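Okay, input.txt now, which holds compact mmCIF, C-alpha atoms:
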# COMPACT_ATOMS: atom_id res chain seq x y z
CA MET A 1 16.53 -11.78 -32.61
CA ARG A 2 19.61 -11.26 -30.47
CA ASP A 3 19.41 -7.57 -31.39
CA GLU A 4 15.82 -7.39 -30.26
CA GLN A 5 16.66 -8.99 -26.93
CA ALA A 6 19.54 -6.58 -26.31
CA ARG A 7 17.26 -3.67 -27.11
CA GLU A 8 14.63 -4.93 -24.68
CA ALA A 9 17.25 -5.45 -21.98
CA ARG A 10 18.42 -1.85 -22.48
CA ILE A 11 14.86 -0.57 -22.21
CA ILE A 12 14.28 -2.61 -19.05
CA ASN A 13 17.49 -1.28 -17.53
CA ARG A 14 16.50 2.28 -18.33
CA LEU A 15 13.02 1.82 -16.86
CA ASN A 16 14.49 0.29 -13.71
CA VAL A 17 16.90 3.20 -13.24
CA ARG A 18 14.18 5.79 -13.86
CA GLU A 19 11.75 4.11 -11.49
CA THR A 20 14.21 3.66 -8.62
CA ARG A 21 15.65 7.18 -8.78
CA SER A 22 14.21 10.62 -8.17
CA SER A 23 13.37 12.75 -11.22
CA ARG A 24 14.10 15.96 -9.22
CA ALA A 25 10.81 17.29 -10.51
CA VAL A 26 9.75 18.91 -7.21
CA VAL A 27 13.04 20.76 -6.68
CA SER A 28 13.01 21.85 -10.32
CA ILE A 29 9.49 23.21 -10.07
CA VAL A 30 10.27 25.14 -6.85
CA VAL A 31 13.49 26.61 -8.27
CA ALA A 32 11.86 27.50 -11.58
CA ALA A 33 8.93 29.14 -9.79
CA LEU A 34 11.26 31.29 -7.65
CA LEU A 35 13.30 32.33 -10.70
CA LEU A 36 10.07 33.06 -12.57
CA VAL A 37 8.89 35.39 -9.78
CA ALA A 38 12.28 37.17 -9.81
CA ALA A 39 12.27 37.56 -13.62
CA LEU A 40 8.69 38.85 -13.69
CA TRP A 41 9.44 41.29 -10.86
CA LEU A 42 12.49 42.66 -12.69
CA ALA A 43 10.46 43.01 -15.88
CA LEU A 44 7.70 44.82 -13.99
CA GLU A 45 10.17 47.23 -12.37
CA LEU A 46 11.77 47.89 -15.75
CA VAL A 47 8.40 48.73 -17.31
CA LEU A 48 7.42 50.91 -14.33
CA SER A 49 10.70 52.84 -14.44
CA THR A 50 10.60 53.41 -18.23
CA THR A 51 7.00 54.63 -18.01
CA LEU A 52 8.05 56.89 -15.11
CA ASN A 53 5.80 55.22 -12.55
CA ALA A 54 6.66 54.62 -8.90
CA PRO A 55 8.53 51.32 -8.35
CA VAL A 56 7.03 48.40 -6.41
CA PHE A 57 10.16 47.92 -4.30
CA MET A 58 13.11 49.51 -6.07
CA ASN A 59 13.71 50.74 -9.60
CA PRO A 60 16.34 48.90 -11.69
CA ALA A 61 18.88 51.75 -11.61
CA GLU A 62 18.78 51.90 -7.81
CA LEU A 63 19.03 48.11 -7.63
CA ALA A 64 22.10 48.12 -9.88
CA GLN A 65 23.77 50.89 -7.87
CA ARG A 66 23.13 49.13 -4.57
CA LEU A 67 24.52 45.86 -5.94
CA ALA A 68 27.61 47.69 -7.28
CA SER A 69 28.44 49.21 -3.90
CA LEU A 70 27.20 46.30 -1.76
CA GLY A 71 30.75 45.31 -0.76
CA THR A 72 31.32 48.47 1.28
CA GLN A 73 27.75 49.57 2.06
CA ALA A 74 26.49 46.44 3.80
CA LEU A 75 27.58 45.25 7.24
CA PRO A 76 30.36 42.63 6.96
CA GLY A 77 28.43 40.28 9.23
CA ALA A 78 25.33 40.53 7.04
CA LEU A 79 27.46 39.88 3.93
CA VAL A 80 28.95 36.76 5.51
CA ALA A 81 25.51 35.52 6.62
CA VAL A 82 23.98 36.05 3.17
CA GLY A 83 27.04 34.50 1.51
CA VAL A 84 26.87 31.40 3.70
CA ALA A 85 23.13 31.03 3.03
CA ALA A 86 23.66 31.36 -0.74
CA ALA A 87 26.57 28.90 -0.70
CA LEU A 88 24.57 26.35 1.32
CA LEU A 89 21.63 26.65 -1.08
CA GLY A 90 24.06 26.23 -3.97
CA ILE A 91 25.57 23.12 -2.40
CA PHE A 92 22.07 21.72 -1.89
CA LEU A 93 21.22 22.26 -5.57
CA LEU A 94 24.56 20.75 -6.65
CA ALA A 95 23.88 17.72 -4.44
CA MET A 96 20.43 17.40 -6.05
CA ALA A 97 22.09 17.47 -9.48
CA VAL A 98 24.87 14.99 -8.71
CA LEU A 99 23.52 12.50 -6.13
CA PRO A 100 21.55 9.57 -7.58
CA GLY A 101 18.50 10.24 -5.37
CA THR A 102 17.75 6.57 -4.83
CA LYS A 103 14.19 5.85 -3.79
CA ALA A 104 13.16 3.16 -1.29
CA ARG A 105 12.56 0.62 -4.05
CA GLN A 106 14.34 -2.41 -5.49
CA ALA A 107 14.42 -3.71 -9.03
CA ILE A 108 13.72 -7.41 -9.57
CA ALA A 109 15.32 -9.32 -12.42
CA ASN A 110 12.78 -10.17 -15.12
CA ASN A 111 13.22 -10.92 -18.82
CA ARG A 112 10.07 -9.29 -20.09
CA SER A 113 9.21 -6.31 -17.88
CA ALA A 114 10.97 -3.87 -15.63
CA VAL A 115 9.76 -4.87 -12.16
CA VAL A 116 10.24 -2.46 -9.26
CA VAL A 117 9.15 -3.32 -5.72
CA ASP A 118 8.74 -0.97 -2.76
CA ASN A 119 11.05 -1.73 0.15
CA ALA A 120 7.95 -1.85 2.37
CA VAL A 121 6.53 -4.73 0.31
CA LEU A 122 9.82 -6.63 0.54
CA ALA A 123 10.00 -6.00 4.28
CA ALA A 124 6.47 -7.30 4.87
CA ALA A 125 7.10 -10.42 2.77
CA LEU A 126 10.39 -11.13 4.56
CA SER A 127 8.75 -10.62 7.95
CA ARG A 128 6.30 -13.31 6.99
CA THR A 129 9.15 -15.62 5.94
CA ALA A 130 11.02 -14.99 9.19
CA ARG A 131 8.02 -15.59 11.42
CA THR A 132 7.09 -18.74 9.53
CA ALA A 133 10.63 -20.01 9.99
CA ALA A 134 10.69 -19.15 13.70
CA ARG A 135 7.00 -19.92 14.36
CA LEU A 136 6.29 -16.52 15.84
CA ALA A 137 3.27 -14.25 15.82
CA PRO A 138 3.13 -11.44 13.22
CA GLU A 139 3.81 -8.77 15.87
CA GLN A 140 7.03 -10.45 16.95
CA VAL A 141 9.00 -9.80 13.77
CA THR A 142 9.82 -6.42 12.26
CA THR A 143 11.86 -6.05 9.11
CA SER A 144 13.39 -2.98 7.53
CA VAL A 145 14.90 -2.86 4.07
CA SER A 146 17.43 -0.15 3.32
CA ARG A 147 19.60 0.54 0.31
CA LYS A 148 22.28 -1.99 1.23
CA ARG A 149 20.81 -4.38 3.75
CA ILE A 150 17.83 -6.13 5.23
CA ASP A 151 17.44 -6.02 9.02
CA VAL A 152 15.15 -8.55 10.64
CA ARG A 153 14.43 -7.91 14.32
CA VAL A 154 12.86 -10.76 16.24
CA HIS A 155 11.15 -10.34 19.62
CA PRO A 156 10.51 -13.88 20.88
CA SER A 157 8.21 -14.58 23.81
CA SER A 158 10.09 -14.74 27.10
CA GLY A 159 11.54 -18.15 27.84
CA ARG A 160 11.59 -19.20 24.19
CA ALA A 161 14.85 -19.44 22.30
CA VAL A 162 14.94 -18.73 18.58
CA ASP A 163 17.47 -20.03 16.10
CA THR A 164 18.81 -16.78 14.61
CA GLU A 165 20.92 -18.62 12.06
CA HIS A 166 17.92 -20.60 10.84
CA ILE A 167 15.91 -17.38 10.41
CA ARG A 168 18.81 -15.74 8.60
CA GLU A 169 19.11 -18.69 6.22
CA SER A 170 15.40 -18.77 5.43
CA VAL A 171 15.27 -15.04 4.82
CA ALA A 172 18.43 -15.15 2.68
CA ARG A 173 16.98 -18.04 0.65
CA GLU A 174 13.76 -16.11 0.11
CA VAL A 175 15.70 -13.00 -0.97
CA THR A 176 17.77 -15.05 -3.43
CA PHE A 177 14.51 -16.45 -4.78
CA TYR A 178 13.27 -12.87 -5.41
CA GLY A 179 16.28 -12.20 -7.65
CA LEU A 180 16.92 -8.59 -6.67
CA ARG A 181 19.14 -6.81 -9.17
CA LYS A 182 21.21 -5.36 -6.35
CA PRO A 183 21.96 -8.04 -3.75
CA LEU A 184 21.25 -7.05 -0.14
CA THR A 185 22.90 -8.50 2.94
CA VAL A 186 20.61 -10.03 5.54
CA GLY A 187 21.06 -9.41 9.25
CA VAL A 188 18.94 -10.91 12.03
CA THR A 189 18.92 -9.53 15.56
CA THR A 190 17.06 -10.90 18.54
CA SER A 191 15.84 -8.61 21.25
CA THR A 192 15.78 -10.33 24.64
CA ALA A 193 14.38 -7.26 26.35
CA VAL A 194 10.73 -7.35 27.34
CA THR A 195 9.20 -5.01 24.78
CA SER A 196 5.62 -6.12 24.41
CA MET B 1 6.82 6.81 -15.42
CA ASN B 2 6.73 9.76 -17.76
CA GLY B 3 8.75 11.78 -20.22
CA THR B 4 10.31 14.20 -17.73
CA HIS B 5 13.70 15.37 -18.99
CA ARG B 6 15.68 14.24 -15.97
CA GLY B 7 19.06 15.14 -17.45
CA LEU B 8 17.81 18.66 -18.11
CA ASN B 9 16.51 18.97 -14.54
CA ARG B 10 19.82 17.88 -13.10
CA ALA B 11 21.90 20.02 -15.48
CA LEU B 12 19.91 23.18 -14.75
CA LEU B 13 19.92 22.56 -10.99
CA GLY B 14 23.68 21.93 -11.14
CA VAL B 15 24.38 25.15 -13.06
CA LEU B 16 22.22 27.17 -10.65
CA GLY B 17 23.97 25.50 -7.72
CA LEU B 18 27.38 26.46 -9.10
CA VAL B 19 26.25 30.06 -9.66
CA LEU B 20 24.91 30.27 -6.09
CA VAL B 21 28.08 28.75 -4.60
CA ALA B 22 30.22 31.23 -6.54
CA ALA B 23 28.04 34.19 -5.53
CA GLY B 24 28.04 33.03 -1.93
CA ALA B 25 31.84 32.65 -1.91
CA ILE B 26 32.32 36.19 -3.31
CA THR B 27 29.89 37.63 -0.76
CA ILE B 28 31.63 35.86 2.12
CA LEU B 29 34.99 37.12 0.87
CA ALA B 30 33.63 40.69 0.73
CA GLY B 31 32.34 40.34 4.28
CA THR B 32 35.64 39.08 5.67
CA ASN B 33 38.18 40.97 3.55
CA PRO B 34 37.78 44.82 3.51
CA ALA B 35 40.26 45.24 0.63
CA PHE B 36 38.18 42.89 -1.53
CA ALA B 37 35.03 44.78 -0.53
CA ARG B 38 36.60 48.08 -1.66
CA ARG B 39 37.65 46.49 -4.96
CA TRP B 40 34.05 45.23 -5.40
CA THR B 41 32.72 48.76 -4.99
CA THR B 42 35.26 50.39 -7.34
CA ALA B 43 34.73 47.71 -9.98
CA GLY B 44 30.97 48.00 -9.49
CA ALA B 45 31.08 51.79 -9.89
CA ASP B 46 33.12 51.41 -13.11
CA VAL B 47 30.71 48.85 -14.55
CA TRP B 48 27.68 50.96 -13.61
CA ALA B 49 29.24 54.06 -15.23
CA GLY B 50 29.86 52.00 -18.39
CA VAL B 51 26.28 50.74 -18.37
CA GLN B 52 24.92 54.30 -18.02
CA ASP B 53 27.11 55.44 -20.97
CA SER B 54 25.75 52.69 -23.20
CA LEU B 55 22.20 53.43 -22.02
CA ALA B 56 22.64 57.09 -22.99
CA ALA B 57 24.31 56.16 -26.30
CA ALA B 58 21.39 54.02 -27.52
CA LYS B 59 18.41 56.28 -26.89
CA MET B 60 15.23 55.59 -28.77
CA PRO B 61 14.43 58.58 -30.98
CA GLY B 62 11.80 60.84 -29.45
CA ALA B 63 11.68 59.12 -26.08
CA ASP B 64 13.80 58.94 -22.95
CA ILE B 65 14.10 55.14 -23.22
CA SER B 66 17.22 53.22 -24.17
CA TRP B 67 17.15 50.34 -26.65
CA TRP B 68 19.09 48.40 -24.02
CA SER B 69 16.13 48.57 -21.63
CA VAL B 70 13.86 47.17 -24.33
CA GLY B 71 16.44 44.42 -24.98
CA VAL B 72 16.67 43.52 -21.30
CA LEU B 73 12.89 43.47 -21.01
CA ALA B 74 12.68 41.12 -24.00
CA ALA B 75 15.37 38.89 -22.48
CA LEU B 76 13.48 38.76 -19.16
CA VAL B 77 10.27 37.80 -20.95
CA ILE B 78 12.10 35.06 -22.87
CA VAL B 79 13.65 33.75 -19.64
CA ALA B 80 10.20 33.74 -17.99
CA VAL B 81 8.73 31.79 -20.93
CA LEU B 82 11.59 29.26 -20.78
CA LEU B 83 11.04 28.83 -17.03
CA VAL B 84 7.34 28.19 -17.61
CA CYS B 85 8.34 25.58 -20.23
CA TRP B 86 10.69 23.97 -17.71
CA ILE B 87 7.88 23.70 -15.15
CA ALA B 88 5.44 22.43 -17.76
CA SER B 89 7.87 19.72 -18.94
CA GLN B 90 7.68 17.92 -15.58
CA GLY B 91 5.51 14.83 -15.69
CA THR B 92 4.64 15.10 -19.36
CA GLY B 93 4.32 12.28 -21.85
CA ARG B 94 1.22 10.51 -20.55
CA SER B 95 -0.86 8.93 -23.27
CA ASN B 96 -4.09 7.00 -23.43
CA GLN B 97 -3.21 4.89 -26.44
CA LEU B 98 -1.20 1.71 -26.54
CA ALA B 99 -0.83 1.44 -30.28
CA SER B 100 -2.23 2.72 -33.52
CA GLN B 101 -2.15 1.50 -37.08
CA ASP B 102 -2.74 3.43 -40.28
CA ASN B 103 -3.56 1.67 -43.50
CA ASP B 104 -5.75 1.93 -46.59
CA THR B 105 -8.96 0.93 -44.85
CA GLY B 106 -8.55 3.39 -41.99
CA LYS B 107 -6.90 3.96 -38.66
CA THR B 108 -7.05 1.53 -35.78
CA THR B 109 -6.08 2.53 -32.24
CA VAL B 110 -5.84 0.46 -29.09
CA ASP B 111 -6.72 2.45 -26.00
CA THR B 112 -4.88 1.95 -22.72
CA ALA B 113 -8.30 1.26 -21.17
CA VAL B 114 -8.37 -2.07 -23.04
CA ALA B 115 -5.29 -3.27 -21.19
CA ALA B 116 -6.43 -1.62 -17.96
CA HIS B 117 -9.81 -3.40 -17.95
CA ALA B 118 -8.28 -6.76 -18.85
CA ILE B 119 -5.53 -6.54 -16.22
CA LYS B 120 -7.81 -5.30 -13.44
CA ALA B 121 -10.40 -7.98 -14.22
CA ALA B 122 -7.76 -10.70 -14.21
CA LEU B 123 -6.34 -9.58 -10.86
CA THR B 124 -9.62 -9.19 -8.94
CA ASP B 125 -9.52 -12.82 -7.78
CA ASN B 126 -5.87 -12.68 -6.78
CA THR B 127 -5.72 -12.57 -2.97
CA HIS B 128 -2.26 -10.97 -2.98
CA VAL B 129 -3.46 -7.98 -4.96
CA LEU B 130 -5.54 -5.22 -3.34
CA ALA B 131 -5.65 -2.79 -6.24
CA ALA B 132 -4.22 -2.44 -9.72
CA SER B 133 -3.88 0.59 -11.95
CA VAL B 134 -2.62 0.87 -15.51
CA GLN B 135 -1.18 3.91 -17.27
CA SER B 136 0.70 4.38 -20.49
CA TRP B 137 3.24 6.92 -21.59
CA ASN B 138 4.63 8.14 -24.90
CA ASN B 139 8.23 7.67 -25.75
CA LYS B 140 9.37 8.55 -29.19
CA SER B 141 12.89 7.23 -28.63
CA TRP B 142 11.58 3.67 -28.40
CA ASN B 143 10.52 3.05 -31.93
CA ASN B 144 9.44 -0.53 -31.83
CA LYS B 145 10.98 -2.62 -34.57
CA SER B 146 7.91 -4.78 -34.92
CA ARG B 147 6.25 -1.72 -36.41
CA LYS B 148 7.82 -2.71 -39.72
CA ASN B 149 6.10 -6.09 -39.69
CA THR B 150 2.66 -5.08 -38.48
CA GLY B 151 2.44 -1.45 -39.45
CA ALA B 152 1.50 -0.65 -35.86
CA VAL B 153 2.93 2.39 -34.13
CA ALA B 154 3.95 1.20 -30.70
CA ASN B 155 5.91 3.98 -29.15
CA SER B 156 4.07 3.94 -25.87
CA GLY B 157 4.99 2.05 -22.75
CA LEU B 158 2.71 0.43 -20.22
CA LYS B 159 2.98 0.93 -16.47
CA ILE B 160 1.15 -1.52 -14.23
CA SER B 161 0.98 -0.53 -10.55
CA ILE B 162 -0.06 -3.19 -8.08
CA GLN B 163 -0.90 -2.58 -4.42
CA THR B 164 -0.25 -5.79 -2.58
CA ARG B 165 -1.64 -7.23 0.61
CA LYS B 166 0.82 -6.91 3.48
CA GLY B 167 3.12 -9.92 3.49
CA ALA B 168 2.40 -10.97 -0.10
CA SER B 169 5.35 -12.39 -1.97
CA PRO B 170 6.46 -9.94 -4.68
CA VAL B 171 7.61 -12.82 -6.87
CA GLU B 172 4.16 -14.40 -6.87
CA VAL B 173 2.59 -11.08 -7.81
CA MET B 174 5.24 -10.67 -10.51
CA ALA B 175 4.47 -14.12 -11.91
CA ALA B 176 0.76 -13.29 -12.11
CA VAL B 177 1.49 -10.01 -13.90
CA ASP B 178 3.99 -11.70 -16.23
CA HIS B 179 1.26 -14.07 -17.29
CA LEU B 180 -1.02 -11.12 -18.09
CA VAL B 181 1.71 -9.31 -20.01
CA GLU B 182 2.27 -12.45 -22.07
CA GLY B 183 -1.41 -12.49 -22.95
CA LEU B 184 -1.26 -8.81 -23.89
CA ASP B 185 1.77 -9.46 -26.13
CA GLN B 186 -0.18 -12.12 -27.99
CA LEU B 187 -3.25 -9.92 -28.24
CA LEU B 188 -1.36 -6.95 -29.65
CA GLY B 189 1.11 -8.91 -31.76
CA PHE B 190 4.15 -7.04 -30.48
CA ARG B 191 5.93 -6.37 -27.21
CA LEU B 192 5.42 -3.02 -25.50
CA PRO B 193 7.92 -1.77 -22.93
CA VAL B 194 6.32 -2.73 -19.61
CA LEU B 195 7.03 -1.38 -16.14
CA VAL B 196 5.56 -3.21 -13.16
CA ARG B 197 5.44 -1.39 -9.82
CA ILE B 198 4.65 -3.55 -6.82
CA LYS B 199 3.93 -1.19 -3.98
CA ALA B 200 2.46 -0.73 -0.56
CA GLY B 201 -0.17 1.91 -0.02
CA THR B 202 -2.94 3.02 2.25
CA ARG B 203 -5.02 -0.03 1.38
CA THR B 204 -2.06 -2.22 2.36
CA LEU B 205 -2.07 -0.68 5.84
CA PHE B 206 -5.74 -1.31 6.49
CA ALA B 207 -6.27 -4.66 4.77
CA ARG B 208 -5.93 -8.03 6.44
CA THR B 209 -2.39 -9.42 6.56
CA GLU B 210 -1.45 -12.28 4.25
CA ARG B 211 -1.17 -15.30 6.53
CA VAL B 212 -0.69 -18.19 4.16
CA ALA B 213 2.49 -18.38 2.17

Structure translated into structure tokens:
Amino acid sequence: MRDEQAREARIINRLNVRETRSSRAVVSIVVAALLLVAALWLALELVLSTTLNAPVFMNPAELAQRLASLGTQALPGALVAVGVAAALLGIFLLAMAVLPGTKARQAIANNRSAVVVDNAVLAAALSRTARTAARLAPEQVTTSVSRKRIDVRVHPSSGRAVDTEHIRESVAREVTFYGLRKPLTVGVTTSTAVTS
Amino acid sequence: MNGTHRGLNRALLGVLGLVLVAAGAITILAGTNPAFARRWTTAGADVWAGVQDSLAAAKMPGADISWWSVGVLAALVIVAVLLVCWIASQGTGRSNQLASQDNDTGKTTVDTAVAAHAIKAALTDNTHVLAASVQSWNNKSWNNKSRKNTGAVANSGLKISIQTRKGASPVEVMAAVDHLVEGLDQLLGFRLPVLVRIKAGTRTLFARTERVA
């Protein structure tokens, strides 16, 4: 029984990680498609040159020769520009491979299922909590949830004071009640400027 | 949720990134350092001469084609096929069956639609929920242990996506879905891996805001 529970917890963890992180599917498809075009073009040129037909752009022998003497044949400025572009693209792909690619979602602790909530849903629910606590209209509270923190911005009507600490406490209590798997810090700011 | 090989995606992207960074660094060096550029050309000329020698040495009898060209063409075709496989592997692993059981009297399968209908019907009256959708996916690595007891093959997982009304408490939605999952567990006789997505969508934007806590 204990075994079964541990197995389920592992599955839930895995599902949570997969659902809150990017699969890199789009980048993979784009990169694979570009490589596919290059491979097919090379194959086509190879067939055209062996059957003694005119090349589409350049036959493979000419391509190889040009690449072999590229260091001295091309303008140094062009070489640097192409090199920088290639290196930047390489760094982008490396970043895609290494960075976690966190999505705007949070995992909620649950014993049975992996539960993942959009940050937008959390933000809307916390806005409601904040405006209930401060007795404000829906338009007077905006909330944004980021990877590390929750920002509640309150725009009270002119001449009315709001208890920021009270709002912060209510929102923090609500967040604790949600049981997010990664705790977020709550910040409340009041704008005194006339915005609406 | 699907069976995309995320590790493979990241590994291949990382290798390609390293290759591009290396190529870029060499090209920049050739652009800034004339001595290195000259060495590139001499080394390139040597390699090209070597390649031409081997091309000439492995001529196909009766034709002016080298076996090497045929080999390279085959390699390119294999690479192209592998790339197509890589593209096709994205987003795979969807299934439309929750479980199946084989025994003497025949084969019984439970379609995902069973769970989908039940869950959607149960959530229609829930004011927090605007829309629900249910999908299932195959995962062979999760061989459910309860298979031994019931004979059921339960290697699929269930994904329940819920679009909530703006301002709805995610915990309340979760509790409602938990209740449904419990019912499903009892109905099936074993516990499927379940993923619940509580999300905002276009319907969330246009629907009335939740006013009562």

Self-check item: One-decimal distance in Å that lies between atom CA of Leu34 of chain A and atom CA of Thr51 of chain A
Solution: 25.9 Å

Quiz item: Counting all atoms listed in the file, what is within 8 Å of segment 20-28 of chain B, bar same-chain residues fewer than 5 positions away, as a list of chain:residue names?
Solution: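 Skipping anything fewer than 5 positions along the chain leaves A:Gly71, A:Leu79, A:Val80, A:Ala81, A:Val82, A:Gly83, A:Val84, A:Ala85, A:Ala86, A:Ala87, A:Leu88, A:Leu89, A:Gly90, A:Ile91.
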
Save the residues we just selected, C-alpha atoms, as a PDB file, in the coordinates of the input?
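Here's the written file part_15.pdb:
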ATOM      1  CA  GLY A  71      30.750  45.310  -0.760  1.00  0.00           C
ATOM      2  CA  LEU A  79      27.460  39.880   3.930  1.00  0.00           C
ATOM      3  CA  VAL A  80      28.950  36.760   5.510  1.00  0.00           C
ATOM      4  CA  ALA A  81      25.510  35.520   6.620  1.00  0.00           C
ATOM      5  CA  VAL A  82      23.980  36.050   3.170  1.00  0.00           C
ATOM      6  CA  GLY A  83      27.040  34.500   1.510  1.00  0.00           C
ATOM      7  CA  VAL A  84      26.870  31.400   3.700  1.00  0.00           C
ATOM      8  CA  ALA A  85      23.130  31.030   3.030  1.00  0.00           C
ATOM      9  CA  ALA A  86      23.660  31.360  -0.740  1.00  0.00           C
ATOM     10  CA  ALA A  87      26.570  28.900  -0.700  1.00  0.00           C
ATOM     11  CA  LEU A  88      24.570  26.350   1.320  1.00  0.00           C
ATOM     12  CA  LEU A  89      21.630  26.650  -1.080  1.00  0.00           C
ATOM     13  CA  GLY A  90      24.060  26.230  -3.970  1.00  0.00           C
ATOM     14  CA  ILE A  91      25.570  23.120  -2.400  1.00  0.00           C
TER      15      ILE A  91
END

Quiz item: Using only C-alpha atoms, which of the listed residues (B:Leu83, B:Gln186, B:Asp46, B:Gln90) sits closest to Gly7 of chain B?
Solution: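 Answer, going by the shortest atom-to-atom distance: B:Gln90.
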
Do a neighbour search on Arg135 of chain A at 12 Å with only C-alpha atoms, toss out local chain neighbours closer than 3 positions, and write the hits as a compact mmCIF listing (two decimals) with C-alpha atoms, in the frame of the given file.
# COMPACT_ATOMS: atom_id res chain seq x y z
CA SER A 127 8.75 -10.62 7.95
CA ARG A 128 6.30 -13.31 6.99
CA THR A 129 9.15 -15.62 5.94
CA ALA A 130 11.02 -14.99 9.19
CA ARG A 131 8.02 -15.59 11.42
CA THR A 132 7.09 -18.74 9.53
CA PRO A 138 3.13 -11.44 13.22
CA GLU A 139 3.81 -8.77 15.87
CA GLN A 140 7.03 -10.45 16.95
CA VAL A 141 9.00 -9.80 13.77
CA VAL A 154 12.86 -10.76 16.24
CA HIS A 155 11.15 -10.34 19.62
CA PRO A 156 10.51 -13.88 20.88
CA SER A 157 8.21 -14.58 23.81
CA ARG A 160 11.59 -19.20 24.19
CA ALA A 161 14.85 -19.44 22.30
CA VAL A 162 14.94 -18.73 18.58
CA ASP A 163 17.47 -20.03 16.10
CA HIS A 166 17.92 -20.60 10.84
CA ILE A 167 15.91 -17.38 10.41

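Nearest to chain B of all the residues A:Thr102, A:Thr142, A:Ser28, A:Thr20 is A:Ser28, based on only C-alpha atoms.
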